[in-house]
$ cat model.pdb   # PDB, C-alpha atoms
ATOM      1  CA  MET A  25      75.332 -20.636 -16.798
ATOM      2  CA  SER A  26      73.495 -23.465 -15.049
ATOM      3  CA  HIS A  27      75.290 -25.993 -12.878
ATOM      4  CA  SER A  28      74.023 -29.385 -11.801
ATOM      5  CA  PRO A  29      73.078 -29.769  -8.138
ATOM      6  CA  ILE A  30      75.508 -31.696  -5.952
ATOM      7  CA  SER A  31      73.587 -31.692  -2.651
ATOM      8  CA  ILE A  32      71.423 -34.702  -3.541
ATOM      9  CA  LEU A  33      70.046 -37.210  -1.051
ATOM     10  CA  SER A  34      68.493 -40.527  -2.119
ATOM     11  CA  GLN A  35      65.717 -41.709   0.157
ATOM     12  CA  VAL A  36      66.554 -45.327  -0.692
ATOM     13  CA  ASP A  37      69.910 -47.087  -0.376
ATOM     14  CA  PHE A  38      71.920 -49.077  -2.938
ATOM     15  CA  ASN A  39      69.615 -52.071  -2.344
ATOM     16  CA  GLY A  40      66.512 -50.020  -3.036
ATOM     17  CA  GLN A  41      65.506 -50.065   0.640
ATOM     18  CA  PRO A  42      64.327 -46.892   2.418
ATOM     19  CA  LEU A  43      66.978 -45.190   4.533
ATOM     20  CA  ALA A  44      66.398 -45.380   8.261
ATOM     21  CA  GLU A  45      64.710 -42.180   9.435
ATOM     22  CA  GLU A  46      67.578 -41.248  11.765
ATOM     23  CA  LEU A  47      70.157 -41.672   8.988
ATOM     24  CA  LEU A  48      67.995 -39.771   6.489
ATOM     25  CA  MET A  49      67.644 -36.840   8.880
ATOM     26  CA  ARG A  50      71.326 -36.809   9.837
ATOM     27  CA  THR A  51      72.501 -36.784   6.205
ATOM     28  CA  PHE A  52      69.870 -34.180   5.314
ATOM     29  CA  ARG A  53      71.146 -31.814   8.010
ATOM     30  CA  GLN A  54      74.789 -32.354   7.086
ATOM     31  CA  LEU A  55      74.065 -31.506   3.443
ATOM     32  CA  MET A  56      71.912 -28.521   4.420
ATOM     33  CA  ASP A  57      74.655 -27.091   6.638
ATOM     34  CA  GLU A  58      77.260 -27.501   3.906
ATOM     35  CA  HIS A  59      75.346 -26.405   0.811
ATOM     36  CA  GLY A  60      72.237 -24.581   2.037
ATOM     37  CA  TYR A  61      69.913 -26.841   0.024
ATOM     38  CA  VAL A  62      69.044 -30.521  -0.362
ATOM     39  CA  LEU A  63      67.388 -32.227  -3.327
ATOM     40  CA  MET A  64      65.810 -35.517  -2.255
ATOM     41  CA  CYS A  65      65.337 -38.079  -5.022
ATOM     42  CA  ASN A  66      64.150 -41.690  -5.260
ATOM     43  CA  VAL A  67      61.262 -40.661  -3.036
ATOM     44  CA  PRO A  68      58.736 -43.479  -2.414
ATOM     45  CA  ASP A  69      55.032 -42.770  -2.833
ATOM     46  CA  ARG A  70      54.491 -43.507   0.863
ATOM     47  CA  PHE A  71      56.844 -40.698   1.955
ATOM     48  CA  ASP A  72      55.008 -37.982   3.917
ATOM     49  CA  PRO A  73      56.536 -34.588   2.994
ATOM     50  CA  VAL A  74      54.371 -32.678   5.480
ATOM     51  CA  ARG A  75      55.559 -34.869   8.351
ATOM     52  CA  PHE A  76      59.159 -34.419   7.215
ATOM     53  CA  CYS A  77      58.776 -30.635   7.083
ATOM     54  CA  ARG A  78      57.192 -30.565  10.543
ATOM     55  CA  ALA A  79      60.410 -32.048  11.907
ATOM     56  CA  GLN A  80      62.330 -29.026  10.555
ATOM     57  CA  GLY A  81      60.319 -26.344  12.367
ATOM     58  CA  THR A  82      57.035 -24.490  12.706
ATOM     59  CA  PHE A  83      54.962 -23.941   9.586
ATOM     60  CA  VAL A  84      54.435 -20.433   8.189
ATOM     61  CA  PRO A  85      51.183 -20.023   6.196
ATOM     62  CA  ASN A  86      51.331 -19.015   2.547
ATOM     63  CA  TYR A  87      49.680 -15.760   1.412
ATOM     64  CA  THR A  88      46.248 -17.394   1.084
ATOM     65  CA  GLY A  89      46.453 -18.923   4.555
ATOM     66  CA  ALA A  90      47.023 -22.410   3.182
ATOM     67  CA  VAL A  91      49.958 -24.076   4.920
ATOM     68  CA  VAL A  92      50.513 -26.471   2.028
ATOM     69  CA  GLY A  93      50.394 -24.274  -1.057
ATOM     70  CA  ASP A  94      50.049 -25.292  -4.696
ATOM     71  CA  VAL A  95      52.490 -23.868  -7.237
ATOM     72  CA  ARG A  96      50.880 -24.230 -10.653
ATOM     73  CA  PRO A  97      49.448 -21.943 -13.336
ATOM     74  CA  GLU A  98      46.360 -20.140 -12.065
ATOM     75  CA  PRO A  99      43.538 -18.563 -14.115
ATOM     76  CA  GLY A 100      43.880 -14.820 -14.646
ATOM     77  CA  MET A 101      47.527 -14.559 -13.584
ATOM     78  CA  ASP A 102      49.394 -14.811 -16.894
ATOM     79  CA  ASP A 103      49.892 -11.045 -17.260
ATOM     80  CA  VAL A 104      51.572 -10.355 -13.897
ATOM     81  CA  TYR A 105      54.764 -11.280 -12.065
ATOM     82  CA  HIS A 106      53.622 -14.271 -10.005
ATOM     83  CA  ALA A 107      54.592 -17.850  -9.219
ATOM     84  CA  GLY A 108      51.141 -18.943 -10.405
ATOM     85  CA  ASN A 109      51.887 -18.712 -14.123
ATOM     86  CA  THR A 110      54.461 -20.063 -16.586
ATOM     87  CA  ARG A 111      56.728 -17.017 -16.787
ATOM     88  CA  PRO A 112      60.261 -16.810 -15.364
ATOM     89  CA  LEU A 113      60.888 -15.562 -11.837
ATOM     90  CA  THR A 114      63.921 -13.407 -11.062
ATOM     91  CA  PRO A 115      66.319 -14.155  -8.161
ATOM     92  CA  HIS A 116      64.784 -13.412  -4.779
ATOM     93  CA  THR A 117      64.256 -14.596  -1.232
ATOM     94  CA  GLU A 118      60.824 -15.342   0.214
ATOM     95  CA  GLY A 119      59.196 -13.211   2.883
ATOM     96  CA  TYR A 120      60.933  -9.867   2.364
ATOM     97  CA  ASP A 121      57.415  -8.402   2.502
ATOM     98  CA  PHE A 122      56.627 -10.044   5.877
ATOM     99  CA  ALA A 123      56.556  -7.844   8.997
ATOM    100  CA  ILE A 124      58.111 -10.780  10.887
ATOM    101  CA  ALA A 125      61.308 -12.638  10.063
ATOM    102  CA  PRO A 126      61.069 -14.427   6.714
ATOM    103  CA  PRO A 127      60.696 -18.224   6.627
ATOM    104  CA  ARG A 128      63.972 -20.003   7.310
ATOM    105  CA  TYR A 129      63.310 -22.913   4.961
ATOM    106  CA  ILE A 130      61.257 -23.395   1.810
ATOM    107  CA  ALA A 131      60.228 -26.901   0.748
ATOM    108  CA  LEU A 132      58.929 -27.783  -2.718
ATOM    109  CA  TRP A 133      57.915 -31.228  -3.859
ATOM    110  CA  CYS A 134      56.835 -32.354  -7.286
ATOM    111  CA  VAL A 135      53.351 -33.707  -7.949
ATOM    112  CA  THR A 136      53.544 -33.412 -11.742
ATOM    113  CA  PRO A 137      56.803 -32.443 -13.472
ATOM    114  CA  ALA A 138      56.729 -30.223 -16.544
ATOM    115  CA  SER A 139      57.106 -32.025 -19.824
ATOM    116  CA  GLY A 140      59.366 -30.294 -22.306
ATOM    117  CA  PRO A 141      61.968 -27.661 -21.510
ATOM    118  CA  GLY A 142      61.925 -25.217 -18.609
ATOM    119  CA  GLY A 143      60.344 -25.152 -15.185
ATOM    120  CA  GLU A 144      63.591 -25.614 -13.247
ATOM    121  CA  THR A 145      63.998 -24.024  -9.823
ATOM    122  CA  THR A 146      67.370 -22.258  -9.765
ATOM    123  CA  LEU A 147      69.399 -21.573  -6.610
ATOM    124  CA  ALA A 148      72.585 -19.735  -5.635
ATOM    125  CA  ASP A 149      74.363 -19.310  -2.307
ATOM    126  CA  THR A 150      74.842 -15.712  -1.101
ATOM    127  CA  ARG A 151      77.543 -16.567   1.458
ATOM    128  CA  PRO A 152      80.512 -15.914  -0.850
ATOM    129  CA  TRP A 153      78.863 -12.721  -2.112
ATOM    130  CA  VAL A 154      78.331 -11.417   1.417
ATOM    131  CA  ASP A 155      81.929 -12.320   2.316
ATOM    132  CA  ALA A 156      83.121 -10.349  -0.732
ATOM    133  CA  LEU A 157      81.363  -7.138   0.352
ATOM    134  CA  SER A 158      83.561  -4.295   1.492
ATOM    135  CA  GLU A 159      83.224  -3.251   5.130
ATOM    136  CA  GLU A 160      81.466  -0.082   3.991
ATOM    137  CA  GLU A 161      78.988  -2.006   1.814
ATOM    138  CA  ARG A 162      78.161  -4.475   4.561
ATOM    139  CA  LYS A 163      77.539  -1.713   7.086
ATOM    140  CA  MET A 164      75.244   0.027   4.596
ATOM    141  CA  LEU A 165      73.222  -3.141   3.935
ATOM    142  CA  GLU A 166      72.869  -3.782   7.676
ATOM    143  CA  ALA A 167      72.094  -0.199   8.735
ATOM    144  CA  THR A 168      69.753   0.953   5.940
ATOM    145  CA  ASP A 169      66.059   0.083   6.131
ATOM    146  CA  TYR A 170      64.583  -0.236   2.652
ATOM    147  CA  ASP A 171      60.948  -0.250   1.569
ATOM    148  CA  TRP A 172      59.703  -3.537   0.085
ATOM    149  CA  LYS A 173      56.449  -4.327  -1.681
ATOM    150  CA  THR A 174      54.762  -7.569  -2.514
ATOM    151  CA  THR A 175      54.416  -8.994  -6.038
ATOM    152  CA  GLU A 176      51.742  -8.005  -8.545
ATOM    153  CA  GLY A 177      50.224 -11.473  -8.326
ATOM    154  CA  VAL A 178      49.840 -11.323  -4.555
ATOM    155  CA  GLN A 179      48.379  -7.809  -4.839
ATOM    156  CA  ARG A 180      45.777  -9.249  -7.210
ATOM    157  CA  LEU A 181      44.813 -11.654  -4.414
ATOM    158  CA  GLY A 182      43.973  -8.597  -2.299
ATOM    159  CA  LEU A 183      47.170  -8.408  -0.232
ATOM    160  CA  ASP A 184      49.062  -5.144  -0.744
ATOM    161  CA  LEU A 185      51.933  -5.691   1.679
ATOM    162  CA  LYS A 186      54.572  -3.040   2.391
ATOM    163  CA  THR A 187      57.429  -3.382   4.887
ATOM    164  CA  ARG A 188      60.750  -1.802   5.860
ATOM    165  CA  HIS A 189      63.768  -4.007   6.495
ATOM    166  CA  PRO A 190      67.522  -3.996   5.888
ATOM    167  CA  ILE A 191      68.947  -6.305   3.236
ATOM    168  CA  LEU A 192      71.254  -7.928   5.810
ATOM    169  CA  GLU A 193      70.041  -8.540   9.356
ATOM    170  CA  ASP A 194      72.091 -10.255  12.051
ATOM    171  CA  THR A 195      69.970 -12.330  14.444
ATOM    172  CA  GLU A 196      70.746 -14.828  17.189
ATOM    173  CA  ASP A 197      69.740 -17.569  14.743
ATOM    174  CA  GLY A 198      72.021 -16.347  11.964
ATOM    175  CA  LEU A 199      72.255 -13.789   9.182
ATOM    176  CA  ILE A 200      69.079 -13.001   7.238
ATOM    177  CA  VAL A 201      69.569 -12.002   3.603
ATOM    178  CA  ARG A 202      66.608 -10.288   1.927
ATOM    179  CA  PHE A 203      66.712  -9.761  -1.832
ATOM    180  CA  SER A 204      64.510  -8.929  -4.790
ATOM    181  CA  CYS A 205      65.294  -7.687  -8.270
ATOM    182  CA  ASN A 206      61.973  -5.886  -8.673
ATOM    183  CA  ASN A 207      60.227  -5.420  -5.299
ATOM    184  CA  LEU A 208      62.942  -3.558  -3.372
ATOM    185  CA  LEU A 209      61.969   0.123  -3.622
ATOM    186  CA  ARG A 210      64.908   2.489  -4.172
ATOM    187  CA  ASP A 211      65.859   5.329  -6.482
ATOM    188  CA  ASP A 212      68.200   4.769  -9.415
ATOM    189  CA  HIS A 213      71.099   6.518  -7.678
ATOM    190  CA  ASP A 214      71.063   4.403  -4.525
ATOM    191  CA  PRO A 215      74.355   2.493  -4.127
ATOM    192  CA  VAL A 216      72.338  -0.691  -3.556
ATOM    193  CA  VAL A 217      71.551  -0.707  -7.292
ATOM    194  CA  GLU A 218      75.112  -1.740  -8.130
ATOM    195  CA  ILE A 219      74.974  -4.513  -5.513
ATOM    196  CA  GLN A 220      71.664  -5.764  -6.928
ATOM    197  CA  GLU A 221      73.203  -5.884 -10.404
ATOM    198  CA  ARG A 222      76.370  -7.556  -9.087
ATOM    199  CA  TRP A 223      74.412 -10.257  -7.261
ATOM    200  CA  LYS A 224      72.093 -10.811 -10.236
ATOM    201  CA  ALA A 225      75.155 -11.363 -12.475
ATOM    202  CA  ALA A 226      76.667 -13.713  -9.883
ATOM    203  CA  PHE A 227      73.386 -15.646  -9.749
ATOM    204  CA  ASP A 228      73.418 -16.015 -13.534
ATOM    205  CA  ASP A 229      76.966 -17.398 -13.341
ATOM    206  CA  ASP A 230      76.749 -19.561 -10.214
ATOM    207  CA  HIS A 231      73.236 -21.011  -9.937
ATOM    208  CA  VAL A 232      72.296 -24.664  -9.882
ATOM    209  CA  ALA A 233      69.201 -25.746 -11.808
ATOM    210  CA  ILE A 234      66.802 -28.299 -10.324
ATOM    211  CA  HIS A 235      64.936 -30.371 -12.895
ATOM    212  CA  TYR A 236      62.123 -32.194 -11.117
ATOM    213  CA  HIS A 237      61.008 -35.785 -11.375
ATOM    214  CA  ARG A 238      57.788 -36.958  -9.745
ATOM    215  CA  ASN A 239      58.016 -36.971  -5.913
ATOM    216  CA  ASP A 240      61.365 -35.118  -5.874
ATOM    217  CA  MET A 241      61.583 -32.768  -2.889
ATOM    218  CA  LEU A 242      63.763 -29.651  -2.690
ATOM    219  CA  VAL A 243      64.435 -27.834   0.601
ATOM    220  CA  TRP A 244      66.645 -24.762   0.951
ATOM    221  CA  ASP A 245      67.748 -22.185   3.514
ATOM    222  CA  ASN A 246      65.811 -19.065   2.557
ATOM    223  CA  TRP A 247      68.004 -16.843   4.756
ATOM    224  CA  ARG A 248      71.056 -17.868   2.750
ATOM    225  CA  LEU A 249      70.094 -18.769  -0.836
ATOM    226  CA  LEU A 250      68.419 -16.848  -3.631
ATOM    227  CA  HIS A 251      66.073 -18.749  -5.892
ATOM    228  CA  ALA A 252      64.379 -18.159  -9.229
ATOM    229  CA  ARG A 253      62.497 -20.143 -11.878
ATOM    230  CA  ASN A 254      62.912 -20.782 -15.579
ATOM    231  CA  ALA A 255      59.926 -20.258 -17.854
ATOM    232  CA  PHE A 256      58.021 -23.305 -19.072
ATOM    233  CA  SER A 257      55.062 -24.118 -21.317
ATOM    234  CA  ASP A 258      53.442 -27.233 -19.817
ATOM    235  CA  ARG A 259      50.547 -25.928 -17.710
ATOM    236  CA  SER A 260      50.168 -29.272 -15.943
ATOM    237  CA  ARG A 261      53.380 -28.607 -13.951
ATOM    238  CA  HIS A 262      52.418 -28.843 -10.265
ATOM    239  CA  LEU A 263      54.536 -28.431  -7.156
ATOM    240  CA  ARG A 264      53.489 -28.183  -3.522
ATOM    241  CA  ARG A 265      55.098 -25.764  -1.105
ATOM    242  CA  ILE A 266      55.646 -25.338   2.634
ATOM    243  CA  GLN A 267      57.346 -22.450   4.451
ATOM    244  CA  ILE A 268      59.124 -23.245   7.721
ATOM    245  CA  ALA A 269      60.131 -20.795  10.450
ATOM    246  CA  ALA A 270      63.567 -20.683  12.081
TER     247      ALA A 270
END

$ encode --input "model.pdb" --output "structure tokens"
Amino acid sequence: MSHSPISILSQVDFNGQPLAEELLMRTFRQLMDEHGYVLMCNVPDRFDPVRFCRAQGTFVPNYTGAVVGDVRPEPGMDDVYHAGNTRPLTPHTEGYDFAIAPPRYIALWCVTPASGPGGETTLADTRPWVDALSEEERKMLEATDYDWKTTEGVQRLGLDLKTRHPILEDTEDGLIVRFSCNNLLRDDHDPVVEIQERWKAAFDDDHVAIHYHRNDMLVWDNWRLLHARNAFSDRSRHLRRIQIAA
């Protein structure tokens, strides 16, 4: 079941005037701390999303090396699991296949929204799910290193990444949650299977769905939230993407 987002920040005030930069940033950080994501709407054409993202931290390149990536259907990718097509994406975090810590924040902004149904980014907060783990489950997720692989689409780009990480990792900057429905390698009898299924069901029940308008910008805490995408048919849908380190 989809829910409407509530962590929404207008870049202009009730008079249609742009918010002062200090106020915009303060409200953004308050909403991020509370909800783990912020959807910015009423974004003027003159807004500089790259400059805004730079204020949040150091950029992490995308798989191709591009810092500002394009998320849109790509030729030759329709038959694989990949963000560069129109198929759905299952709940996951970004960067589970990185040798380093995954990006702390992911920013998407809309160049061309999809016409017709679909194309929403969906998000759900893992904090209540982690809190609901038994002590035994939490210890297992923190102590067990699992093998992870990268997606079929990224492999087709020539990057066959493989890493070993726990699902939960405590750091001085906070708890890292890594998750994937299809790129966490485990056997069918591993107890993590039941947790994957439990969290996937919780995502289906709890997620918010972001329907984009032109210039909308979505930023979320990738250490805390899972995200996915609904299928769509309009191949002109175009988002841009930046990854930001802790």

$ closest_residue --input "model.pdb" --among "A:Leu249, A:Ile124, A:Val135, A:Ala107" --to "Val232 of chain A" --atoms "all atoms listed in the file"
A:Leu249

$ residues_around --input "model.pdb" --residues "Ser204 of chain A" --least-positions-apart "5" --cutoff "8 Å" --atoms "all atoms listed in the file" --output "list in words"
Thr114, Pro115, His116 and Thr117 of chain A

$ closest_residue --input "model.pdb" --among "A:Asp211, A:Asp37, A:Glu98, A:Glu159" --to "Arg261 of chain A" --atoms "all atoms listed in the file"
A:Glu98

$ resolve_selection --input "model.pdb" --expression "the PyMOL selection byres ((chain A and resi 251-259) around 7)" --output "list in words"
Pro97, Thr110, Arg111, Pro112, Leu113, Thr114, Pro115, His116, Thr117, Ala138, Ser139, Pro141, Gly142, Gly143, Glu144, Thr145, Thr146, Leu147, Ala148, Leu249, Leu250, Ser260 and Arg261 of chain A

$ write_last_selection --input "model.pdb" --atoms "C-alpha atoms" --output "CSV table (one decimal), in the frame of the given file"
chain,number,residue,atom,x,y,z
A,97,PRO,CA,49.4,-21.9,-13.3
A,110,THR,CA,54.5,-20.1,-16.6
A,111,ARG,CA,56.7,-17.0,-16.8
A,112,PRO,CA,60.3,-16.8,-15.4
A,113,LEU,CA,60.9,-15.6,-11.8
A,114,THR,CA,63.9,-13.4,-11.1
A,115,PRO,CA,66.3,-14.2,-8.2
A,116,HIS,CA,64.8,-13.4,-4.8
A,117,THR,CA,64.3,-14.6,-1.2
A,138,ALA,CA,56.7,-30.2,-16.5
A,139,SER,CA,57.1,-32.0,-19.8
A,141,PRO,CA,62.0,-27.7,-21.5
A,142,GLY,CA,61.9,-25.2,-18.6
A,143,GLY,CA,60.3,-25.2,-15.2
A,144,GLU,CA,63.6,-25.6,-13.2
A,145,THR,CA,64.0,-24.0,-9.8
A,146,THR,CA,67.4,-22.3,-9.8
A,147,LEU,CA,69.4,-21.6,-6.6
A,148,ALA,CA,72.6,-19.7,-5.6
A,249,LEU,CA,70.1,-18.8,-0.8
A,250,LEU,CA,68.4,-16.8,-3.6
A,260,SER,CA,50.2,-29.3,-15.9
A,261,ARG,CA,53.4,-28.6,-14.0

$ atom_distance --input "model.pdb" --atom1 "atom CA of Ala125 of chain A" --atom2 "atom CA of His213 of chain A"
27.9 Å

$ residues_near_point --input "model.pdb" --point "(47.3, -20.2, -0.8)" --cutoff "12 Å" --atoms "only C-alpha atoms" --output "MDAnalysis selection string"
chainID A and resid 84:96 98 107:108 177:178 181 183 264:267

$ closest_residue --input "model.pdb" --among "A:Ile30, A:Met64, A:Ala156, A:Val216" --to "Trp133 of chain A" --atoms "all atoms listed in the file"
A:Met64

$ atom_distance --input "model.pdb" --atom1 "atom CA of Asn109 of chain A" --atom2 "atom CA of Arg238 of chain A"
19.7 Å

$ build_atoms --input "model.pdb" --residues "segment 207-218 of chain A" --atoms "all heavy atoms" --output "PDB file, keeping the file's coordinate frame"
ATOM      1  N   ASN A 207      61.148  -5.849  -6.353  1.00  0.00           N
ATOM      2  CA  ASN A 207      60.227  -5.420  -5.299  1.00  0.00           C
ATOM      3  C   ASN A 207      60.930  -4.746  -4.125  1.00  0.00           C
ATOM      4  O   ASN A 207      60.318  -4.529  -3.087  1.00  0.00           O
ATOM      5  CB  ASN A 207      59.389  -6.609  -4.813  1.00  0.00           C
ATOM      6  CG  ASN A 207      58.409  -7.062  -5.877  1.00  0.00           C
ATOM      7  OD1 ASN A 207      57.710  -6.249  -6.479  1.00  0.00           O
ATOM      8  ND2 ASN A 207      58.377  -8.356  -6.137  1.00  0.00           N
ATOM      9  N   LEU A 208      62.205  -4.430  -4.294  1.00  0.00           N
ATOM     10  CA  LEU A 208      62.942  -3.558  -3.372  1.00  0.00           C
ATOM     11  C   LEU A 208      62.824  -2.140  -3.926  1.00  0.00           C
ATOM     12  O   LEU A 208      63.237  -1.864  -5.059  1.00  0.00           O
ATOM     13  CB  LEU A 208      64.403  -3.986  -3.288  1.00  0.00           C
ATOM     14  CG  LEU A 208      65.386  -3.031  -2.607  1.00  0.00           C
ATOM     15  CD1 LEU A 208      64.996  -2.805  -1.153  1.00  0.00           C
ATOM     16  CD2 LEU A 208      66.810  -3.565  -2.701  1.00  0.00           C
ATOM     17  N   LEU A 209      62.230  -1.228  -3.145  1.00  0.00           N
ATOM     18  CA  LEU A 209      61.969   0.123  -3.622  1.00  0.00           C
ATOM     19  C   LEU A 209      63.165   1.018  -3.301  1.00  0.00           C
ATOM     20  O   LEU A 209      63.537   1.171  -2.142  1.00  0.00           O
ATOM     21  CB  LEU A 209      60.701   0.671  -2.967  1.00  0.00           C
ATOM     22  CG  LEU A 209      59.434  -0.189  -3.158  1.00  0.00           C
ATOM     23  CD1 LEU A 209      58.245   0.438  -2.444  1.00  0.00           C
ATOM     24  CD2 LEU A 209      59.140  -0.386  -4.641  1.00  0.00           C
ATOM     25  N   ARG A 210      63.767   1.588  -4.331  1.00  0.00           N
ATOM     26  CA  ARG A 210      64.908   2.489  -4.172  1.00  0.00           C
ATOM     27  C   ARG A 210      64.992   3.366  -5.408  1.00  0.00           C
ATOM     28  O   ARG A 210      64.414   3.064  -6.442  1.00  0.00           O
ATOM     29  CB  ARG A 210      66.214   1.705  -3.927  1.00  0.00           C
ATOM     30  CG  ARG A 210      66.879   0.997  -5.097  1.00  0.00           C
ATOM     31  CD  ARG A 210      66.015   0.067  -5.893  1.00  0.00           C
ATOM     32  NE  ARG A 210      66.660  -0.676  -6.931  1.00  0.00           N
ATOM     33  CZ  ARG A 210      66.748  -0.318  -8.210  1.00  0.00           C
ATOM     34  NH1 ARG A 210      66.320   0.867  -8.609  1.00  0.00           N
ATOM     35  NH2 ARG A 210      67.294  -1.125  -9.094  1.00  0.00           N
ATOM     36  N   ASP A 211      65.691   4.498  -5.292  1.00  0.00           N
ATOM     37  CA  ASP A 211      65.859   5.329  -6.482  1.00  0.00           C
ATOM     38  C   ASP A 211      67.064   4.831  -7.278  1.00  0.00           C
ATOM     39  O   ASP A 211      67.871   4.039  -6.791  1.00  0.00           O
ATOM     40  CB  ASP A 211      65.980   6.818  -6.124  1.00  0.00           C
ATOM     41  CG  ASP A 211      67.220   7.134  -5.294  1.00  0.00           C
ATOM     42  OD1 ASP A 211      68.335   6.719  -5.698  1.00  0.00           O
ATOM     43  OD2 ASP A 211      67.076   7.798  -4.253  1.00  0.00           O
ATOM     44  N   ASP A 212      67.182   5.288  -8.495  1.00  0.00           N
ATOM     45  CA  ASP A 212      68.200   4.769  -9.415  1.00  0.00           C
ATOM     46  C   ASP A 212      69.618   5.140  -9.010  1.00  0.00           C
ATOM     47  O   ASP A 212      70.575   4.572  -9.553  1.00  0.00           O
ATOM     48  CB  ASP A 212      67.928   5.274 -10.832  1.00  0.00           C
ATOM     49  CG  ASP A 212      66.654   4.688 -11.420  1.00  0.00           C
ATOM     50  OD1 ASP A 212      66.209   3.640 -10.906  1.00  0.00           O
ATOM     51  OD2 ASP A 212      66.107   5.277 -12.374  1.00  0.00           O
ATOM     52  N   HIS A 213      69.770   6.079  -8.091  1.00  0.00           N
ATOM     53  CA  HIS A 213      71.099   6.518  -7.678  1.00  0.00           C
ATOM     54  C   HIS A 213      71.540   5.889  -6.359  1.00  0.00           C
ATOM     55  O   HIS A 213      72.641   6.172  -5.892  1.00  0.00           O
ATOM     56  CB  HIS A 213      71.124   8.055  -7.560  1.00  0.00           C
ATOM     57  CG  HIS A 213      70.716   8.758  -8.819  1.00  0.00           C
ATOM     58  ND1 HIS A 213      71.483   8.724  -9.970  1.00  0.00           N
ATOM     59  CD2 HIS A 213      69.604   9.486  -9.116  1.00  0.00           C
ATOM     60  CE1 HIS A 213      70.866   9.407 -10.921  1.00  0.00           C
ATOM     61  NE2 HIS A 213      69.733   9.879 -10.432  1.00  0.00           N
ATOM     62  N   ASP A 214      70.703   5.057  -5.785  1.00  0.00           N
ATOM     63  CA  ASP A 214      71.063   4.403  -4.525  1.00  0.00           C
ATOM     64  C   ASP A 214      72.221   3.434  -4.778  1.00  0.00           C
ATOM     65  O   ASP A 214      72.214   2.694  -5.762  1.00  0.00           O
ATOM     66  CB  ASP A 214      69.842   3.635  -3.990  1.00  0.00           C
ATOM     67  CG  ASP A 214      70.015   3.193  -2.545  1.00  0.00           C
ATOM     68  OD1 ASP A 214      70.999   2.472  -2.257  1.00  0.00           O
ATOM     69  OD2 ASP A 214      69.168   3.549  -1.715  1.00  0.00           O
ATOM     70  N   PRO A 215      73.230   3.418  -3.915  1.00  0.00           N
ATOM     71  CA  PRO A 215      74.355   2.493  -4.127  1.00  0.00           C
ATOM     72  C   PRO A 215      73.954   1.023  -4.098  1.00  0.00           C
ATOM     73  O   PRO A 215      74.702   0.169  -4.580  1.00  0.00           O
ATOM     74  CB  PRO A 215      75.321   2.831  -2.974  1.00  0.00           C
ATOM     75  CG  PRO A 215      74.509   3.602  -1.980  1.00  0.00           C
ATOM     76  CD  PRO A 215      73.455   4.306  -2.754  1.00  0.00           C
ATOM     77  N   VAL A 216      72.775   0.711  -3.571  1.00  0.00           N
ATOM     78  CA  VAL A 216      72.338  -0.691  -3.556  1.00  0.00           C
ATOM     79  C   VAL A 216      72.055  -1.200  -4.968  1.00  0.00           C
ATOM     80  O   VAL A 216      72.069  -2.414  -5.205  1.00  0.00           O
ATOM     81  CB  VAL A 216      71.095  -0.866  -2.650  1.00  0.00           C
ATOM     82  CG1 VAL A 216      69.822  -0.413  -3.359  1.00  0.00           C
ATOM     83  CG2 VAL A 216      70.951  -2.321  -2.206  1.00  0.00           C
ATOM     84  N   VAL A 217      71.829  -0.290  -5.913  1.00  0.00           N
ATOM     85  CA  VAL A 217      71.551  -0.707  -7.292  1.00  0.00           C
ATOM     86  C   VAL A 217      72.719  -1.506  -7.845  1.00  0.00           C
ATOM     87  O   VAL A 217      72.540  -2.566  -8.480  1.00  0.00           O
ATOM     88  CB  VAL A 217      71.246   0.519  -8.186  1.00  0.00           C
ATOM     89  CG1 VAL A 217      71.121   0.093  -9.651  1.00  0.00           C
ATOM     90  CG2 VAL A 217      69.984   1.219  -7.724  1.00  0.00           C
ATOM     91  N   GLU A 218      73.934  -1.034  -7.613  1.00  0.00           N
ATOM     92  CA  GLU A 218      75.112  -1.740  -8.130  1.00  0.00           C
ATOM     93  C   GLU A 218      75.247  -3.112  -7.479  1.00  0.00           C
ATOM     94  O   GLU A 218      75.628  -4.090  -8.141  1.00  0.00           O
ATOM     95  CB  GLU A 218      76.372  -0.909  -7.859  1.00  0.00           C
ATOM     96  CG  GLU A 218      77.613  -1.405  -8.599  1.00  0.00           C
ATOM     97  CD  GLU A 218      78.319  -2.539  -7.882  1.00  0.00           C
ATOM     98  OE1 GLU A 218      78.254  -2.574  -6.637  1.00  0.00           O
ATOM     99  OE2 GLU A 218      78.944  -3.388  -8.561  1.00  0.00           O
TER     100      GLU A 218
END
